[in-house]
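Structure, as structure tokens:
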Amino acid sequence: MTGPPGALAPRPGPADGPVYLDHNATTPVDPRAVEAMAPYLTVHFGNPASGHPYGAEPRRALARARAQVAALIGARPSEVVFTSSGSEANLLALRGTLLASGRSAPHVITQATEHPSVLETARALRRLHGARVTVLPVDGAGLVAPDALAAALTEETVLVSVMAANNETGALQPITELAALARTHGALFHCDAAQATGKIPLDVQALGVDLLTVVGHKMYAPKGVAALYVREGVRLEPVVYGGGQERGLRAGTENVALAVALGTAARVAAGELADGAPARVAALRDDLHRRLTVALPGRVRLNGPERQRLPNTLNVSVEGTLGHELLARADRIAASTGSACHSGTHSPSPVLTAMGLAADRALGALRLSLGRWTTAEDVETAATAVARAAAAP
């Protein structure tokens with residue numbers, strides 16, 4: 001099995017492993033990112049803040065990586081702040097905005113299907129800092145209505161945080177319209193773009209956002225590295241205090257190797273977006289959906305929007321099945337379900353529940369998320385495995 005043009009090796013992972021359809025959980029690390037970062041773990045190990053020669057190349061590499069991430073999202077390099085994870089970037093955006101606002105009773109708005117790192121941070125801000133938090137509902141497709149945001153905005157609103165794409169259904173929120181509404185009320189707008197970055201074109205200027213989260217392990221870089229776009233002029237309270245690294249917003253000696261890997265992943269993603277990768281992946285996703293509906297007539301129901309979603313994401317419920325049992329039988333694929341397991345008890349996904357799906361439909365859901373190395377053969381294998389598992393007594 002071969003990768004896209006320019007790839008250094010076949011897709012990562014064991015050669016005899018199941019078909020990997022869980023790219024929204026994490027992506028394999030692209031061999032080009034591994035190759036780029038390796039020298040900064042060995043030869044170029046210096047602290048980029050050091051004035052002697054050992055710091056020079058790490059300093060240049062850090063600047064180059066910052067420029068590569070910025071180029072992918074249409075930002076200036078000086079507006080990119082490296083963090084250790086998307087959750088940390090989201091914390092910096094939310095907590096940083098609220099504490100820098102100087103408001104005695106700040107108001108934060110988010111929506112019901114956000115990532116837990118946003119929802120739990122909002123709850124902590126309410127508990128620890130007296131913030132007022134509004135959580136907007138979503139419709140049956142998982143989308144926020146701009147009218148709902150307009151009605152929730154007040155003079156005390158300091159921040160609106162709405163994700164670009166949902167991790168379970170791939171639903172793409174109307175970010176440009178939502179950000180424009182926030183701007184008219186003087187509020188900042190944060191967008192968690194962990195799932196969207198690298199899968200669809202993103203431009204922070206066109207979107208009109210003030211803050212945007214990018215996550216390495218969702219776009220073929222290693223885990224442990226992410227970035228926050230902070231529009232020039234936006235004031236944030238630091239999330240880590242200390243030596244002044246990352247514009248003083250996130251102290252600590254930079255992990256140059258991981259930053260280089262993220263920068264390389266951003267450069268590769270930009271090239272793939274320009275070469276039409278989203279259309280290729282969407283065609284495979286749609287073929288997978290078609291094969292399932294043919295093999296299981298009348299039993300496959302799409303969760304989330306049909307068109308306004310990520311090109312790689314297919315979330316479907318198979319009637320008459322429980323997702324976790326189906327996947328246990330379909331051992332030729334690796335994917336996710338629409339349920340969470342706690343002490344052996346499965347509960348419906350909060351995302352699907354917020355969309356109004358009945359518990360049996362949510363518990364029957366599968367999230368099949370394709371990636372860079374997914375092939376037509378993989379799709380055929382996956383469809384056959386799910387169909388056989390769903391037909392088993």
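Just so we're on the same page: first chain in the structure tokens is A, next is B, and so on; residues restart at 1 for each chain, and ligands are numbered from 1 in the order they show up.
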Please identify the strand (DSSP E) residues within stretch 104-242 of chain A (assignment by DSSP from backbone atoms) and present them as a PyMOL selection string. chain A and resi 107-111+132-136+157-161+188-192+211-215+226-230
Those same residues - N, CA and C atoms - I'd like them written as a compact mmCIF listing (two decimals), in the first residue's frame.
```txt
# COMPACT_ATOMS: atom_id res chain seq x y z
N HIS A 107 -19.12 37.43 30.73
CA HIS A 107 -20.05 36.48 30.13
C HIS A 107 -19.34 35.73 29.01
N VAL A 108 -19.44 34.40 29.04
CA VAL A 108 -18.83 33.54 28.03
C VAL A 108 -19.94 32.73 27.38
N ILE A 109 -19.88 32.61 26.06
CA ILE A 109 -20.87 31.82 25.31
C ILE A 109 -20.15 30.69 24.58
N THR A 110 -20.68 29.49 24.69
CA THR A 110 -20.20 28.36 23.89
C THR A 110 -21.43 27.57 23.43
N GLN A 111 -21.23 26.33 22.99
CA GLN A 111 -22.37 25.56 22.49
C GLN A 111 -22.28 24.11 22.95
N ARG A 132 -20.40 34.21 33.97
CA ARG A 132 -21.71 33.73 33.54
C ARG A 132 -21.51 33.00 32.22
N VAL A 133 -22.02 31.79 32.14
CA VAL A 133 -21.79 30.94 30.97
C VAL A 133 -23.11 30.59 30.31
N THR A 134 -23.19 30.82 29.01
CA THR A 134 -24.35 30.42 28.22
C THR A 134 -23.92 29.32 27.26
N VAL A 135 -24.62 28.20 27.29
CA VAL A 135 -24.36 27.08 26.38
C VAL A 135 -25.50 27.01 25.37
N LEU A 136 -25.20 27.34 24.13
CA LEU A 136 -26.24 27.37 23.09
C LEU A 136 -26.62 25.96 22.67
N THR A 157 -20.64 40.20 27.39
CA THR A 157 -20.01 39.06 26.72
C THR A 157 -18.58 39.41 26.33
N VAL A 158 -17.63 38.64 26.83
CA VAL A 158 -16.22 38.88 26.50
C VAL A 158 -15.69 37.89 25.48
N LEU A 159 -16.33 36.71 25.40
CA LEU A 159 -15.81 35.67 24.50
C LEU A 159 -16.92 34.74 24.05
N VAL A 160 -16.86 34.39 22.76
CA VAL A 160 -17.68 33.32 22.19
C VAL A 160 -16.72 32.24 21.71
N SER A 161 -16.98 30.99 22.09
CA SER A 161 -16.12 29.88 21.67
C SER A 161 -16.96 28.81 20.99
N LEU A 188 -14.68 38.86 21.79
CA LEU A 188 -13.70 38.09 21.05
C LEU A 188 -14.32 36.75 20.65
N PHE A 189 -13.76 36.17 19.58
CA PHE A 189 -14.28 34.89 19.10
C PHE A 189 -13.14 33.88 19.02
N HIS A 190 -13.33 32.76 19.74
CA HIS A 190 -12.37 31.65 19.71
C HIS A 190 -12.97 30.48 18.96
N CYS A 191 -12.15 29.84 18.14
CA CYS A 191 -12.58 28.68 17.35
C CYS A 191 -11.61 27.52 17.60
N ASP A 192 -12.12 26.44 18.16
CA ASP A 192 -11.33 25.23 18.30
C ASP A 192 -11.37 24.52 16.94
N LEU A 211 -9.04 34.06 17.92
CA LEU A 211 -8.26 32.98 18.52
C LEU A 211 -8.66 31.68 17.83
N LEU A 212 -7.67 30.82 17.53
CA LEU A 212 -7.97 29.57 16.84
C LEU A 212 -6.98 28.50 17.27
N THR A 213 -7.51 27.33 17.61
CA THR A 213 -6.70 26.23 18.12
C THR A 213 -6.35 25.24 17.02
N VAL A 214 -5.07 24.88 16.95
CA VAL A 214 -4.54 23.89 16.00
C VAL A 214 -3.90 22.78 16.82
N VAL A 215 -4.15 21.51 16.46
CA VAL A 215 -3.66 20.38 17.26
C VAL A 215 -2.84 19.44 16.40
N ALA A 226 0.71 21.57 20.01
CA ALA A 226 -0.44 22.26 19.42
C ALA A 226 -0.07 23.73 19.30
N ALA A 227 -1.01 24.53 18.86
CA ALA A 227 -0.75 25.97 18.73
C ALA A 227 -2.05 26.73 18.88
N LEU A 228 -1.92 27.96 19.35
CA LEU A 228 -3.06 28.87 19.42
C LEU A 228 -2.75 30.10 18.59
N TYR A 229 -3.60 30.38 17.63
CA TYR A 229 -3.52 31.65 16.91
C TYR A 229 -4.10 32.73 17.81
N VAL A 230 -3.33 33.79 18.04
CA VAL A 230 -3.76 34.92 18.85
C VAL A 230 -3.62 36.17 17.99
```
Can you check which parts of stretch 271-323 of chain A lie within 8 Å of stretch 364-388 of chain A? Per residue, the shortest pair of atoms and distance in Å to one decimal, counting only C-alpha atoms, sorted by chain and number, as CSV.
```
residue,atom,partner,partner_atom,distance
A:Val281,CA,A:Leu370,CA,7.0
A:Leu284,CA,A:Ala376,CA,6.5
A:Arg285,CA,A:Leu370,CA,7.0
A:Asp287,CA,A:Val379,CA,7.5
A:Leu288,CA,A:Val379,CA,5.6
A:Arg291,CA,A:Ala383,CA,6.1
A:Leu292,CA,A:Ala383,CA,5.7
A:Ala295,CA,A:Ala387,CA,6.1
A:Leu296,CA,A:Ala387,CA,6.5
A:Asn312,CA,A:Leu370,CA,4.9
A:Thr313,CA,A:Ser369,CA,4.6
A:Leu314,CA,A:Leu368,CA,5.2
A:Asn315,CA,A:Arg367,CA,4.4
A:Val316,CA,A:Ala365,CA,5.3
A:Ser317,CA,A:Ala365,CA,3.9
A:Val318,CA,A:Gly364,CA,5.6
A:Glu319,CA,A:Gly364,CA,6.6
A:Gly320,CA,A:Gly364,CA,7.5
A:Thr321,CA,A:Gly364,CA,5.4
A:Leu322,CA,A:Gly364,CA,4.3
A:Gly323,CA,A:Gly364,CA,4.4
```
Find, counting only C-alpha atoms, the residue in A:Leu310, A:Val260, A:Ala330, A:Ala274 that gets nearest to A:Arg60.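 Result for the nearest residue to A:Arg60: A:Val260.
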Taking only C-alpha atoms into account, produce a table as CSV in which each residue of stretch 174-210 of chain A with an atom at most 12 Å from an atom of stretch 63-75 of chain A appears once, together with its shortest atom pair and the distance in Å to one decimal, ordered by chain and rising number.
```
residue,atom,partner,partner_atom,distance
A:Ala193,CA,A:Ile73,CA,10.2
A:Ala196,CA,A:Ile73,CA,10.7
A:Thr197,CA,A:Ile73,CA,7.9
A:Gly198,CA,A:Leu72,CA,7.8
A:Lys199,CA,A:Leu72,CA,11.0
A:Ile200,CA,A:Ile73,CA,10.4
A:Pro201,CA,A:Ile73,CA,7.8
A:Leu202,CA,A:Ile73,CA,5.3
A:Asp203,CA,A:Ile73,CA,4.7
A:Val204,CA,A:Gly74,CA,5.8
A:Gln205,CA,A:Gly74,CA,6.7
A:Ala206,CA,A:Gly74,CA,8.6
A:Leu207,CA,A:Gly74,CA,10.1
A:Gly208,CA,A:Gly74,CA,11.2
A:Val209,CA,A:Ala75,CA,10.8
A:Asp210,CA,A:Ala75,CA,10.6
```
Would you save the residues of that selection, restricted to N, CA, C and O atoms, as a PDB file, in the first residue's frame?
```
ATOM      1  N   ALA A 193     -10.270  24.609  16.214  1.00  0.00           N
ATOM      2  CA  ALA A 193     -10.200  24.028  14.867  1.00  0.00           C
ATOM      3  C   ALA A 193      -9.371  22.756  14.844  1.00  0.00           C
ATOM      4  O   ALA A 193      -8.784  22.396  13.821  1.00  0.00           O
ATOM      5  N   ALA A 196     -10.625  20.461  12.131  1.00  0.00           N
ATOM      6  CA  ALA A 196     -10.724  21.023  10.781  1.00  0.00           C
ATOM      7  C   ALA A 196      -9.378  21.331  10.142  1.00  0.00           C
ATOM      8  O   ALA A 196      -9.232  21.235   8.918  1.00  0.00           O
ATOM      9  N   THR A 197      -8.391  21.704  10.943  1.00  0.00           N
ATOM     10  CA  THR A 197      -7.117  22.147  10.388  1.00  0.00           C
ATOM     11  C   THR A 197      -6.455  21.029   9.589  1.00  0.00           C
ATOM     12  O   THR A 197      -6.274  19.924  10.078  1.00  0.00           O
ATOM     13  N   GLY A 198      -6.106  21.319   8.356  1.00  0.00           N
ATOM     14  CA  GLY A 198      -5.471  20.350   7.484  1.00  0.00           C
ATOM     15  C   GLY A 198      -6.445  19.518   6.671  1.00  0.00           C
ATOM     16  O   GLY A 198      -6.057  18.913   5.677  1.00  0.00           O
ATOM     17  N   LYS A 199      -7.723  19.462   7.102  1.00  0.00           N
ATOM     18  CA  LYS A 199      -8.728  18.689   6.371  1.00  0.00           C
ATOM     19  C   LYS A 199      -9.503  19.561   5.394  1.00  0.00           C
ATOM     20  O   LYS A 199      -9.971  19.077   4.365  1.00  0.00           O
ATOM     21  N   ILE A 200      -9.685  20.820   5.753  1.00  0.00           N
ATOM     22  CA  ILE A 200     -10.354  21.785   4.880  1.00  0.00           C
ATOM     23  C   ILE A 200      -9.550  23.080   4.927  1.00  0.00           C
ATOM     24  O   ILE A 200      -8.822  23.329   5.894  1.00  0.00           O
ATOM     25  N   PRO A 201      -9.644  23.930   3.906  1.00  0.00           N
ATOM     26  CA  PRO A 201      -8.926  25.220   3.952  1.00  0.00           C
ATOM     27  C   PRO A 201      -9.473  26.084   5.083  1.00  0.00           C
ATOM     28  O   PRO A 201     -10.680  26.169   5.305  1.00  0.00           O
ATOM     29  N   LEU A 202      -8.567  26.726   5.813  1.00  0.00           N
ATOM     30  CA  LEU A 202      -8.930  27.648   6.882  1.00  0.00           C
ATOM     31  C   LEU A 202      -8.109  28.918   6.734  1.00  0.00           C
ATOM     32  O   LEU A 202      -6.894  28.847   6.504  1.00  0.00           O
ATOM     33  N   ASP A 203      -8.748  30.060   6.885  1.00  0.00           N
ATOM     34  CA  ASP A 203      -8.053  31.343   6.850  1.00  0.00           C
ATOM     35  C   ASP A 203      -8.619  32.217   7.964  1.00  0.00           C
ATOM     36  O   ASP A 203      -9.799  32.572   7.933  1.00  0.00           O
ATOM     37  N   VAL A 204      -7.792  32.530   8.941  1.00  0.00           N
ATOM     38  CA  VAL A 204      -8.291  33.258  10.113  1.00  0.00           C
ATOM     39  C   VAL A 204      -8.804  34.643   9.751  1.00  0.00           C
ATOM     40  O   VAL A 204      -9.715  35.162  10.412  1.00  0.00           O
ATOM     41  N   GLN A 205      -8.246  35.233   8.701  1.00  0.00           N
ATOM     42  CA  GLN A 205      -8.725  36.551   8.289  1.00  0.00           C
ATOM     43  C   GLN A 205     -10.123  36.453   7.687  1.00  0.00           C
ATOM     44  O   GLN A 205     -11.017  37.240   7.999  1.00  0.00           O
ATOM     45  N   ALA A 206     -10.316  35.483   6.809  1.00  0.00           N
ATOM     46  CA  ALA A 206     -11.628  35.307   6.186  1.00  0.00           C
ATOM     47  C   ALA A 206     -12.676  34.884   7.207  1.00  0.00           C
ATOM     48  O   ALA A 206     -13.840  35.308   7.141  1.00  0.00           O
ATOM     49  N   LEU A 207     -12.282  34.051   8.168  1.00  0.00           N
ATOM     50  CA  LEU A 207     -13.214  33.610   9.199  1.00  0.00           C
ATOM     51  C   LEU A 207     -13.571  34.739  10.159  1.00  0.00           C
ATOM     52  O   LEU A 207     -14.657  34.745  10.737  1.00  0.00           O
ATOM     53  N   GLY A 208     -12.640  35.661  10.366  1.00  0.00           N
ATOM     54  CA  GLY A 208     -12.881  36.758  11.289  1.00  0.00           C
ATOM     55  C   GLY A 208     -12.721  36.390  12.750  1.00  0.00           C
ATOM     56  O   GLY A 208     -13.282  37.051  13.632  1.00  0.00           O
ATOM     57  N   VAL A 209     -11.932  35.342  13.029  1.00  0.00           N
ATOM     58  CA  VAL A 209     -11.757  34.897  14.406  1.00  0.00           C
ATOM     59  C   VAL A 209     -10.586  35.628  15.055  1.00  0.00           C
ATOM     60  O   VAL A 209      -9.677  36.127  14.376  1.00  0.00           O
ATOM     61  N   ASP A 210     -10.602  35.677  16.375  1.00  0.00           N
ATOM     62  CA  ASP A 210      -9.522  36.299  17.141  1.00  0.00           C
ATOM     63  C   ASP A 210      -8.551  35.267  17.692  1.00  0.00           C
ATOM     64  O   ASP A 210      -7.379  35.570  17.917  1.00  0.00           O
TER      65      ASP A 210
END
```
Residues of stretch 46-145 of chain A in helix (DSSP H, G or I) according to DSSP, as a PyMOL selection string? chain A and resi 53-73+77-79+86-101+116-129
Between A:Pro311, A:Glu155, A:Leu181, A:Glu254, which one has atoms that come closest to A:Ser50, using only C-alpha atoms?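 Of A:Pro311, A:Glu155, A:Leu181, A:Glu254, the one nearest A:Ser50 is A:Glu254, counting only C-alpha atoms.
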Find the residues around A:Arg235 up to 9 Å (only C-alpha atoms counted), leave out those fewer than 3 positions away in its own chain, and share them as a count of residues only. 6
